[in-house]
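S.K.: This one is run31.cif, mmCIF, C-alpha atoms.
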data_run
loop_
_atom_site.label_atom_id
_atom_site.label_comp_id
_atom_site.auth_asym_id
_atom_site.auth_seq_id
_atom_site.Cartn_x
_atom_site.Cartn_y
_atom_site.Cartn_z
CA TYR A 929 -88.77 84.19 51.97
CA ALA A 930 -91.79 81.98 51.35
CA ALA A 931 -93.48 84.98 49.75
CA TRP A 932 -90.66 87.15 48.35
CA GLY A 933 -88.20 84.43 47.38
CA GLY A 934 -84.68 85.52 46.54
CA VAL A 935 -85.43 88.59 44.39
CA PRO A 936 -83.80 91.66 46.00
CA ARG A 937 -86.28 94.04 44.36
CA TYR A 938 -89.21 92.39 46.14
CA TRP A 939 -87.44 92.69 49.49
CA GLU A 940 -86.63 96.34 48.83
CA LEU A 941 -90.25 97.11 47.99
CA ALA A 942 -91.46 95.26 51.09
CA GLY A 943 -89.02 97.23 53.24
CA ASP A 944 -91.12 100.36 52.76
CA TYR A 945 -93.94 98.87 54.87
CA PRO A 946 -94.15 98.36 58.64
CA ASP A 947 -94.53 94.56 58.46
CA PHE A 948 -94.87 91.58 56.15
CA TRP A 949 -98.68 91.56 56.01
CA HIS A 950 -98.99 95.26 55.13
CA ALA A 951 -96.42 94.77 52.37
CA LEU A 952 -98.28 91.75 51.04
CA GLU A 953 -101.60 93.57 51.05
CA ASN A 954 -100.33 96.67 49.26
CA LEU A 955 -97.80 95.18 46.85
CA VAL A 956 -99.41 91.90 45.84
CA LEU A 957 -103.10 91.68 46.79
CA ASP A 958 -104.14 95.20 45.82
CA PRO A 959 -105.00 95.14 42.07
CA LEU A 960 -103.03 98.38 41.76
CA GLY A 961 -100.05 96.98 43.65
CA VAL A 962 -96.65 96.95 41.99
CA LEU A 963 -96.40 93.14 42.12
CA HIS A 964 -100.04 92.22 41.51
CA HIS A 965 -99.40 91.43 37.83
CA GLU A 966 -95.76 90.40 38.22
CA PRO A 967 -96.12 86.80 36.90
CA GLU A 968 -97.78 88.06 33.74
CA ARG A 969 -94.89 90.44 33.14
CA LEU A 970 -92.35 87.70 33.72
CA LEU A 971 -94.05 85.39 31.23
CA ALA A 972 -94.42 88.16 28.64
CA ASP A 973 -90.66 88.76 28.82
CA ASP A 974 -89.79 85.10 28.12
CA MET A 975 -92.59 83.61 26.04
CA ARG A 976 -94.80 84.39 23.08
CA ASP A 977 -97.74 82.22 24.14
CA THR A 978 -98.37 83.19 27.74
CA VAL A 979 -101.92 81.84 28.04
CA GLN A 980 -101.06 78.14 28.09
CA ALA A 981 -97.95 78.74 30.20
CA SER A 982 -99.96 80.68 32.78
CA SER A 983 -102.61 77.94 32.86
CA ILE A 984 -99.96 75.29 33.51
CA LEU A 985 -98.30 77.33 36.26
CA ALA A 986 -101.68 78.05 37.85
CA LEU A 987 -102.61 74.36 37.97
CA VAL A 988 -99.24 73.39 39.43
CA GLY A 989 -99.53 76.17 42.00
CA GLN A 990 -102.94 74.89 43.04
CA GLY A 991 -101.85 71.29 43.53
CA CYS A 992 -101.66 69.52 40.15
CA HIS A 993 -98.13 68.14 40.21
CA ARG A 994 -98.29 65.35 37.63
CA LEU A 995 -98.40 65.82 33.88
CA SER A 996 -101.48 63.61 33.68
CA GLU A 997 -103.31 65.80 36.22
CA ILE A 998 -102.40 68.97 34.35
CA GLY A 999 -103.54 67.47 31.05
CA GLY A 1000 -106.81 66.28 32.59
CA ARG A 1001 -107.62 69.73 33.95
CA LEU A 1002 -106.77 71.38 30.62
CA GLY A 1003 -108.61 68.76 28.58
CA LYS A 1004 -105.46 67.86 26.65
CA PRO A 1005 -103.43 64.65 26.35
CA ALA A 1006 -100.40 64.68 28.61
CA THR A 1007 -98.13 64.01 25.63
CA SER A 1008 -99.10 67.34 24.10
CA LEU A 1009 -97.86 69.17 27.20
CA THR A 1010 -94.38 67.66 27.32
CA ARG A 1011 -92.77 70.42 25.26
CA PRO A 1012 -94.44 73.45 26.94
CA VAL A 1013 -93.75 72.01 30.39
CA GLN A 1014 -90.10 71.39 29.50
CA ARG A 1015 -89.91 74.97 28.26
CA LEU A 1016 -91.08 76.19 31.68
CA VAL A 1017 -88.50 73.94 33.35
CA HIS A 1018 -85.78 75.35 31.08
CA LEU A 1019 -86.81 78.91 31.98
CA GLY A 1020 -86.51 78.07 35.68
CA LEU A 1021 -90.21 78.54 36.38
CA LEU A 1022 -90.99 74.88 37.07
CA ARG A 1023 -88.96 72.31 38.98
CA ARG A 1024 -88.98 68.67 37.89
CA GLU A 1025 -88.68 66.30 40.85
CA THR A 1026 -88.18 62.55 41.03
CA PRO A 1027 -87.88 60.49 44.23
CA PHE A 1028 -84.44 59.91 45.72
CA GLY A 1029 -82.63 57.19 43.81
CA HIS A 1030 -84.82 57.41 40.70
CA SER A 1031 -83.41 58.39 37.35
CA PRO A 1032 -84.32 61.95 36.26
CA ARG A 1033 -85.48 60.35 33.01
CA SER A 1034 -88.24 58.50 34.85
CA SER A 1035 -91.60 59.92 33.79
CA LYS A 1036 -93.86 57.75 35.94
CA SER A 1037 -92.58 59.21 39.22
CA THR A 1038 -92.11 62.82 38.14
CA LEU A 1039 -93.70 65.70 40.02
CA TYR A 1040 -93.65 69.35 38.95
CA THR A 1041 -93.53 72.25 41.40
CA LEU A 1042 -93.08 75.99 41.04
CA ARG A 1043 -89.42 76.80 41.54
CA ASP A 1044 -89.69 80.41 42.71
CA PRO A 1045 -91.32 81.01 46.12
CA PHE A 1046 -92.97 84.24 44.95
CA LEU A 1047 -94.60 82.50 41.98
CA ALA A 1048 -95.63 79.61 44.22
CA PHE A 1049 -97.28 82.10 46.58
CA TRP A 1050 -98.92 84.09 43.79
CA TYR A 1051 -100.42 81.11 41.97
CA ARG A 1052 -101.54 79.54 45.24
CA PHE A 1053 -103.19 82.57 46.82
CA VAL A 1054 -103.56 85.44 44.35
CA ASP A 1055 -104.54 83.85 41.05
CA PRO A 1056 -107.55 81.88 42.43
CA ASN A 1057 -108.81 85.05 44.16
CA ARG A 1058 -108.37 87.60 41.40
CA SER A 1059 -112.10 88.18 40.98
CA ARG A 1060 -112.52 88.71 44.73
CA LEU A 1061 -109.55 91.05 44.83
CA GLY A 1062 -110.87 92.97 41.83
CA ALA A 1063 -114.17 93.39 43.66
CA GLY A 1064 -112.39 94.98 46.60
CA ALA A 1065 -112.39 92.00 49.00
CA VAL A 1066 -108.70 92.42 49.80
CA GLU A 1067 -109.17 92.16 53.57
CA ALA A 1068 -111.21 88.95 53.26
CA VAL A 1069 -108.61 87.34 51.00
CA LEU A 1070 -105.86 88.42 53.38
CA ARG A 1071 -107.65 86.68 56.26
CA ASP A 1072 -107.79 83.47 54.22
CA ILE A 1073 -104.09 83.75 53.40
CA ARG A 1074 -103.19 84.26 57.07
CA ARG A 1075 -105.03 81.02 57.86
CA ASP A 1076 -103.37 78.94 55.11
CA TYR A 1077 -99.95 80.59 54.92
CA PRO A 1078 -98.23 78.23 57.43
CA LYS A 1079 -98.77 75.26 55.11
CA HIS A 1080 -97.22 77.18 52.22
CA ALA A 1081 -94.32 78.38 54.38
CA GLY A 1082 -93.77 74.83 55.58
CA GLU A 1083 -93.36 73.58 52.02
CA ILE A 1084 -90.84 76.31 51.24
CA TRP A 1085 -89.01 75.52 54.50
CA GLU A 1086 -88.64 71.92 53.28
CA ARG A 1087 -86.95 73.19 50.12
CA VAL A 1088 -84.57 75.35 52.15
CA VAL A 1089 -83.62 72.36 54.31
CA ARG A 1090 -82.91 70.16 51.29
CA ALA A 1091 -80.84 72.90 49.67
CA ALA A 1092 -78.81 73.32 52.87
CA THR A 1093 -78.18 69.61 53.48
CA PRO A 1094 -74.84 69.36 51.59
CA ARG A 1095 -73.54 72.27 53.70
CA LEU A 1096 -74.69 70.90 57.06
CA ASP A 1097 -72.33 69.22 59.50
CA ILE A 1098 -74.37 66.16 60.46
CA ALA A 1099 -72.47 63.46 62.33
CA ARG A 1100 -69.23 64.85 60.85
CA THR A 1101 -70.24 63.39 57.52
CA ALA A 1102 -70.23 65.06 54.09
CA TRP A 1103 -73.58 64.70 52.33
CA ASP A 1104 -74.58 64.78 48.70
CA SER A 1105 -77.61 66.74 47.48
CA ALA A 1106 -80.90 65.91 49.20
CA SER A 1107 -84.23 64.93 47.68
CA ARG A 1108 -87.67 63.88 48.76
CA TRP A 1109 -88.74 60.27 48.48
CA TRP A 1110 -92.25 58.97 47.90
CA GLY A 1111 -93.60 55.56 47.06
CA ALA A 1112 -94.64 52.32 48.74
CA GLY A 1113 -92.84 51.38 51.95
CA LEU A 1114 -91.85 47.87 52.92
CA ASP A 1115 -95.34 47.44 54.39
CA ARG A 1116 -96.77 48.39 50.95
CA GLN A 1117 -98.35 51.52 52.43
CA PRO A 1118 -97.83 54.96 50.81
CA LEU A 1119 -94.83 56.69 52.33
CA GLU A 1120 -93.28 60.12 51.89
CA VAL A 1121 -90.01 61.28 53.46
CA ASP A 1122 -89.05 64.96 53.40
CA VAL A 1123 -85.26 64.63 53.23
CA VAL A 1124 -83.14 61.76 51.94
CA ALA A 1125 -79.44 62.15 51.14
CA GLU A 1126 -76.50 59.86 50.61
CA SER A 1127 -73.09 60.45 52.14
CA ILE A 1128 -70.27 61.26 49.76
CA ASP A 1129 -68.63 57.90 50.50
CA ARG A 1130 -71.97 56.13 49.72
CA LYS A 1131 -71.91 54.31 53.07
CA SER A 1132 -74.46 56.32 55.05
CA LEU A 1133 -78.03 57.50 54.43
CA LEU A 1134 -79.57 60.62 55.94
CA VAL A 1135 -83.33 60.42 56.56
CA GLY A 1136 -85.08 63.55 57.78
CA GLU A 1137 -88.48 64.93 58.62
CA VAL A 1138 -89.14 68.66 58.35
CA LYS A 1139 -91.51 70.69 60.54
CA LEU A 1140 -92.06 74.42 60.40
CA GLN A 1141 -93.05 74.56 64.07
CA ALA A 1142 -92.86 72.12 66.96
CA THR A 1143 -92.81 72.08 70.74
CA GLU A 1144 -90.62 70.05 73.07
CA GLY A 1145 -93.66 67.87 73.69
CA ASP A 1146 -93.92 67.04 69.98
CA LEU A 1147 -90.40 65.63 69.73
CA ALA A 1148 -91.14 62.16 71.09
CA ARG A 1149 -93.96 61.65 68.59
CA LEU A 1150 -91.92 63.09 65.70
CA THR A 1151 -88.97 60.88 66.59
CA ALA A 1152 -91.16 57.78 66.60
CA GLU A 1153 -92.61 58.73 63.21
CA LEU A 1154 -89.14 59.28 61.80
CA ASP A 1155 -87.96 55.90 63.11
CA HIS A 1156 -90.95 54.23 61.45
CA HIS A 1157 -90.40 55.99 58.12
CA ALA A 1158 -86.69 55.13 58.08
CA ALA A 1159 -87.49 51.48 58.80
CA GLN A 1160 -89.94 51.36 55.89
CA LEU A 1161 -87.59 52.73 53.23
CA PRO A 1162 -86.98 49.91 50.73
CA PHE A 1163 -83.39 50.93 50.04
CA ALA A 1164 -82.27 51.62 53.63
CA LYS A 1165 -80.80 48.10 53.89
CA ASP A 1166 -78.18 49.06 51.29
CA TYR A 1167 -76.40 51.40 53.72
CA ALA A 1168 -74.18 50.58 56.66
CA CYS A 1169 -75.41 53.55 58.69
CA ILE A 1170 -78.74 55.41 58.84
CA MET A 1171 -78.64 58.96 60.25
CA LYS A 1172 -82.01 60.34 61.33
CA ARG A 1173 -82.70 64.03 61.89
CA ILE A 1174 -85.70 66.26 62.57
CA PHE A 1175 -85.42 69.74 61.04
CA VAL A 1176 -87.48 72.30 62.94
CA GLY A 1177 -88.01 75.89 61.88
CA SER A 1178 -89.30 77.03 65.28
CA LEU A 1179 -88.93 74.89 68.40
CA THR A 1180 -90.84 76.09 71.46
CA GLY A 1181 -89.34 75.32 74.85
CA ASP A 1182 -86.51 76.19 77.20
CA ALA A 1183 -84.40 73.04 76.99
CA PRO A 1184 -81.56 72.77 74.44
CA PRO A 1185 -82.65 70.75 71.39
CA PRO A 1186 -81.59 67.07 71.33
CA GLU A 1187 -78.71 66.05 69.09
CA HIS A 1188 -81.04 64.63 66.41
CA VAL A 1189 -82.88 67.96 66.05
CA VAL A 1190 -81.53 70.50 63.55
CA THR A 1191 -82.73 74.05 64.16
CA ALA A 1192 -83.41 76.93 61.80
CA ALA A 1193 -80.24 78.65 63.04
CA ASP A 1194 -78.21 75.62 61.93
CA VAL A 1195 -79.88 75.50 58.52
CA LEU A 1196 -79.62 79.21 57.81
CA ALA A 1197 -75.99 79.32 58.90
CA ALA A 1198 -75.28 76.44 56.50
CA CYS A 1199 -77.03 78.30 53.66
CA GLU A 1200 -74.44 81.07 53.98
CA GLN A 1201 -71.56 78.68 53.39
CA GLU A 1202 -70.15 77.46 50.12
CA PRO A 1203 -71.18 73.88 49.36
CA PRO A 1204 -68.40 71.29 49.64
CA ALA A 1205 -66.91 69.86 46.48
CA VAL A 1206 -68.64 66.63 45.47
CA THR A 1207 -66.63 63.83 43.95
CA PRO A 1208 -68.32 62.64 40.72
CA ARG A 1209 -69.68 59.13 40.84
#
Produce structure tokens that represent the structure in this file.

M.R.:
Amino acid sequence: YAAWGGVPRYWELAGDYPDFWHALENLVLDPLGVLHHEPERLLADDMRDTVQASSILALVGQGCHRLSEIGGRLGKPATSLTRPVQRLVHLGLLRRETPFGHSPRSSKSTLYTLRDPFLAFWYRFVDPNRSRLGAGAVEAVLRDIRRDYPKHAGEIWERVVRAATPRLDIARTAWDSASRWWGAGLDRQPLEVDVVAESIDRKSLLVGEVKLQATEGDLARLTAELDHHAAQLPFAKDYACIMKRIFVGSLTGDAPPPEHVVTAADVLAACEQEPPAVTPR
């Protein structure tokens, strides 16, 4: 999913190959592959000026998440990019994120990410290596992707967890939509929390850390980190109850996971359910 996203056609094409890596090599990395130029085709269908749009998406895919960073790399004032970036948000190509509890109108705390996992993969791994791929270095690029892919998959796993949170049964409590939170903690040190959600009755706060892979031996350290992060959240004092959970994609070990650990099976099962109705504030 971190590579193909939710587009059935991509999954159907990949199904013709023996495994994920062969499909990736032949469909995406090979300059003659069916999906090698897919982002260009998508932009051509929706926009007249694809050059600037592609440049913005490429910079976001390679780690420039603030409008000021994008403008600095393009040599343009950030104010001149407001409209083209909003156009990409409207088309569903970019996602505009603000920390939990911040107004969506806040510009100072806004981060932009690529909404579609396939585009996020393509602009992260394919676009920067197009000259190498064109020169026939497909195997070398594939080795680099194998090395760095877990970080990319971990970021997509975080998104899946946040999307599933309103459907999860955590402490028999109904939860609103989840967000990330970043900013200064109570100790004035930079802090980032992967999952923050408010209960529907506004009395409880869910604080979660997300890991793609972990072992039983990692859980004590991860639990301590989660406790520290929850204690540093400036707004945690406003809630009567703080629920803390660790979301793990793959947990190695024979023992059943502790109650505060949510597994991939739990998350994926929740994704198949309809979200509960949320009472408007």

S.K.: Within 12 Å of range 1093-1099 of chain A, counting all atoms listed in the file, which residues qualify if same-chain residues fewer than 3 places away don't, as a tab-separated table (two decimals) with C-alpha atoms, in the frame of the given file?

M.R.:
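Okay, result31.tsv is ready:
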chain	number	residue	atom	x	y	z
A	1086	GLU	CA	-88.64	71.92	53.28
A	1087	ARG	CA	-86.95	73.19	50.12
A	1088	VAL	CA	-84.57	75.35	52.15
A	1089	VAL	CA	-83.62	72.36	54.31
A	1090	ARG	CA	-82.91	70.16	51.29
A	1102	ALA	CA	-70.23	65.06	54.09
A	1103	TRP	CA	-73.58	64.70	52.33
A	1104	ASP	CA	-74.58	64.78	48.70
A	1105	SER	CA	-77.61	66.74	47.48
A	1106	ALA	CA	-80.90	65.91	49.20
A	1107	SER	CA	-84.23	64.93	47.68
A	1122	ASP	CA	-89.05	64.96	53.40
A	1123	VAL	CA	-85.26	64.63	53.23
A	1124	VAL	CA	-83.14	61.76	51.94
A	1125	ALA	CA	-79.44	62.15	51.14
A	1126	GLU	CA	-76.50	59.86	50.61
A	1127	SER	CA	-73.09	60.45	52.14
A	1128	ILE	CA	-70.27	61.26	49.76
A	1132	SER	CA	-74.46	56.32	55.05
A	1133	LEU	CA	-78.03	57.50	54.43
A	1134	LEU	CA	-79.57	60.62	55.94
A	1135	VAL	CA	-83.33	60.42	56.56
A	1136	GLY	CA	-85.08	63.55	57.78
A	1169	CYS	CA	-75.41	53.55	58.69
A	1170	ILE	CA	-78.74	55.41	58.84
A	1171	MET	CA	-78.64	58.96	60.25
A	1172	LYS	CA	-82.01	60.34	61.33
A	1173	ARG	CA	-82.70	64.03	61.89
A	1174	ILE	CA	-85.70	66.26	62.57
A	1175	PHE	CA	-85.42	69.74	61.04
A	1187	GLU	CA	-78.71	66.05	69.09
A	1188	HIS	CA	-81.04	64.63	66.41
A	1189	VAL	CA	-82.88	67.96	66.05
A	1190	VAL	CA	-81.53	70.50	63.55
A	1191	THR	CA	-82.73	74.05	64.16
A	1192	ALA	CA	-83.41	76.93	61.80
A	1193	ALA	CA	-80.24	78.65	63.04
A	1194	ASP	CA	-78.21	75.62	61.93
A	1195	VAL	CA	-79.88	75.50	58.52
A	1196	LEU	CA	-79.62	79.21	57.81
A	1197	ALA	CA	-75.99	79.32	58.90
A	1198	ALA	CA	-75.28	76.44	56.50
A	1199	CYS	CA	-77.03	78.30	53.66
A	1200	GLU	CA	-74.44	81.07	53.98
A	1201	GLN	CA	-71.56	78.68	53.39
A	1202	GLU	CA	-70.15	77.46	50.12
A	1203	PRO	CA	-71.18	73.88	49.36
A	1204	PRO	CA	-68.40	71.29	49.64
A	1205	ALA	CA	-66.91	69.86	46.48
A	1206	VAL	CA	-68.64	66.63	45.47

S.K.: Taking (-102.8, 67.8, 36.4) in the file's own coordinates, collect the residues within 12 Å, counting all atoms listed in the file, and hand them back as a ChimeraX atom specification.

M.R.: /A:983-1006,1009,1013,1038-1041

S.K.: Report, in Å to a single decimal, how far apart CA of Pro936 in chain A and CA of Ala1068 in chain A are.

M.R.: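 We find that CA of Ala1068 in chain A and CA of Pro936 in chain A lie 28.5 Å from each other.
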
S.K.: As a ChimeraX atom specification, please: the residues near His1030 in chain A (cut-off 12 Å, all atoms listed in the file, same-chain neighbours under 4 positions excluded).

M.R.: /A:1025-1026,1034-1038,1107-1111,1163

S.K.: Taking only C-alpha atoms into account, name the residue in A:Glu1153, A:Asp1129, A:Glu953, A:Glu1120 that is nearest to Leu1070 in chain A.

M.R.: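 Between A:Glu1153, A:Asp1129, A:Glu953, A:Glu1120, the residue approaching Leu1070 in chain A most closely is A:Glu953.
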
S.K.: Which residue, A:His950, A:Arg1024, A:Arg976, A:Arg937, has the smallest gap to Leu963 in chain A when you use all atoms listed in the file?

M.R.: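 Result for the nearest residue to Leu963 in chain A: A:Arg937.
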
S.K.: Go through A:Val1176, A:Ser1031, A:Asp1072, A:Pro1162 and flag the residue nearest Leu1150 in chain A, using all atoms listed in the file for the distances.

M.R.: A:Val1176

S.K.: Could you tell me how far CA of Val1054 in chain A sits from CA of Val1069 in chain A, in Å to one decimal place?

M.R.: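 Separation between CA of Val1069 in chain A and CA of Val1054 in chain A: 8.6 Å.
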
S.K.: Determine the nearest neighbour of Leu957 in chain A from the options A:Pro1056, A:Gly1020, A:Pro1185, A:Gly1029, counting only C-alpha atoms.

M.R.: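 Using only C-alpha atoms, the shortest distance to Leu957 in chain A belongs to A:Pro1056.
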
S.K.: Is it possible to add N, CA, C and O atoms to range 986-997 of chain A and hand it back as a PDB file, in the frame of the given file?

M.R.:
ATOM      1  N   ALA A 986    -100.575  77.916  36.910  1.00  0.00           N
ATOM      2  CA  ALA A 986    -101.680  78.050  37.850  1.00  0.00           C
ATOM      3  C   ALA A 986    -102.103  76.696  38.398  1.00  0.00           C
ATOM      4  O   ALA A 986    -102.337  76.529  39.602  1.00  0.00           O
ATOM      5  N   LEU A 987    -102.197  75.699  37.532  1.00  0.00           N
ATOM      6  CA  LEU A 987    -102.610  74.360  37.970  1.00  0.00           C
ATOM      7  C   LEU A 987    -101.564  73.741  38.898  1.00  0.00           C
ATOM      8  O   LEU A 987    -101.915  73.124  39.913  1.00  0.00           O
ATOM      9  N   VAL A 988    -100.292  73.910  38.558  1.00  0.00           N
ATOM     10  CA  VAL A 988     -99.240  73.390  39.430  1.00  0.00           C
ATOM     11  C   VAL A 988     -99.291  74.093  40.790  1.00  0.00           C
ATOM     12  O   VAL A 988     -99.187  73.454  41.845  1.00  0.00           O
ATOM     13  N   GLY A 989     -99.469  75.412  40.759  1.00  0.00           N
ATOM     14  CA  GLY A 989     -99.530  76.170  42.000  1.00  0.00           C
ATOM     15  C   GLY A 989    -100.694  75.792  42.880  1.00  0.00           C
ATOM     16  O   GLY A 989    -100.643  75.954  44.103  1.00  0.00           O
ATOM     17  N   GLN A 990    -101.753  75.259  42.275  1.00  0.00           N
ATOM     18  CA  GLN A 990    -102.940  74.890  43.040  1.00  0.00           C
ATOM     19  C   GLN A 990    -103.022  73.390  43.323  1.00  0.00           C
ATOM     20  O   GLN A 990    -104.066  72.892  43.747  1.00  0.00           O
ATOM     21  N   GLY A 991    -101.910  72.664  43.064  1.00  0.00           N
ATOM     22  CA  GLY A 991    -101.850  71.290  43.530  1.00  0.00           C
ATOM     23  C   GLY A 991    -101.805  70.198  42.496  1.00  0.00           C
ATOM     24  O   GLY A 991    -101.770  69.020  42.850  1.00  0.00           O
ATOM     25  N   CYS A 992    -101.785  70.537  41.202  1.00  0.00           N
ATOM     26  CA  CYS A 992    -101.660  69.520  40.150  1.00  0.00           C
ATOM     27  C   CYS A 992    -100.177  69.341  39.836  1.00  0.00           C
ATOM     28  O   CYS A 992     -99.603  70.165  39.119  1.00  0.00           O
ATOM     29  N   HIS A 993     -99.572  68.289  40.331  1.00  0.00           N
ATOM     30  CA  HIS A 993     -98.130  68.140  40.210  1.00  0.00           C
ATOM     31  C   HIS A 993     -97.690  67.100  39.192  1.00  0.00           C
ATOM     32  O   HIS A 993     -96.501  66.968  38.921  1.00  0.00           O
ATOM     33  N   ARG A 994     -98.624  66.353  38.637  1.00  0.00           N
ATOM     34  CA  ARG A 994     -98.290  65.350  37.630  1.00  0.00           C
ATOM     35  C   ARG A 994     -98.773  65.807  36.264  1.00  0.00           C
ATOM     36  O   ARG A 994     -99.805  66.478  36.140  1.00  0.00           O
ATOM     37  N   LEU A 995     -98.042  65.410  35.233  1.00  0.00           N
ATOM     38  CA  LEU A 995     -98.400  65.820  33.880  1.00  0.00           C
ATOM     39  C   LEU A 995     -99.800  65.340  33.515  1.00  0.00           C
ATOM     40  O   LEU A 995    -100.557  66.043  32.847  1.00  0.00           O
ATOM     41  N   SER A 996    -100.152  64.144  33.976  1.00  0.00           N
ATOM     42  CA  SER A 996    -101.480  63.610  33.680  1.00  0.00           C
ATOM     43  C   SER A 996    -102.575  64.459  34.324  1.00  0.00           C
ATOM     44  O   SER A 996    -103.640  64.674  33.724  1.00  0.00           O
ATOM     45  N   GLU A 997    -102.324  64.952  35.541  1.00  0.00           N
ATOM     46  CA  GLU A 997    -103.310  65.800  36.220  1.00  0.00           C
ATOM     47  C   GLU A 997    -103.471  67.130  35.492  1.00  0.00           C
ATOM     48  O   GLU A 997    -104.593  67.623  35.323  1.00  0.00           O
TER      49      GLU A 997
END
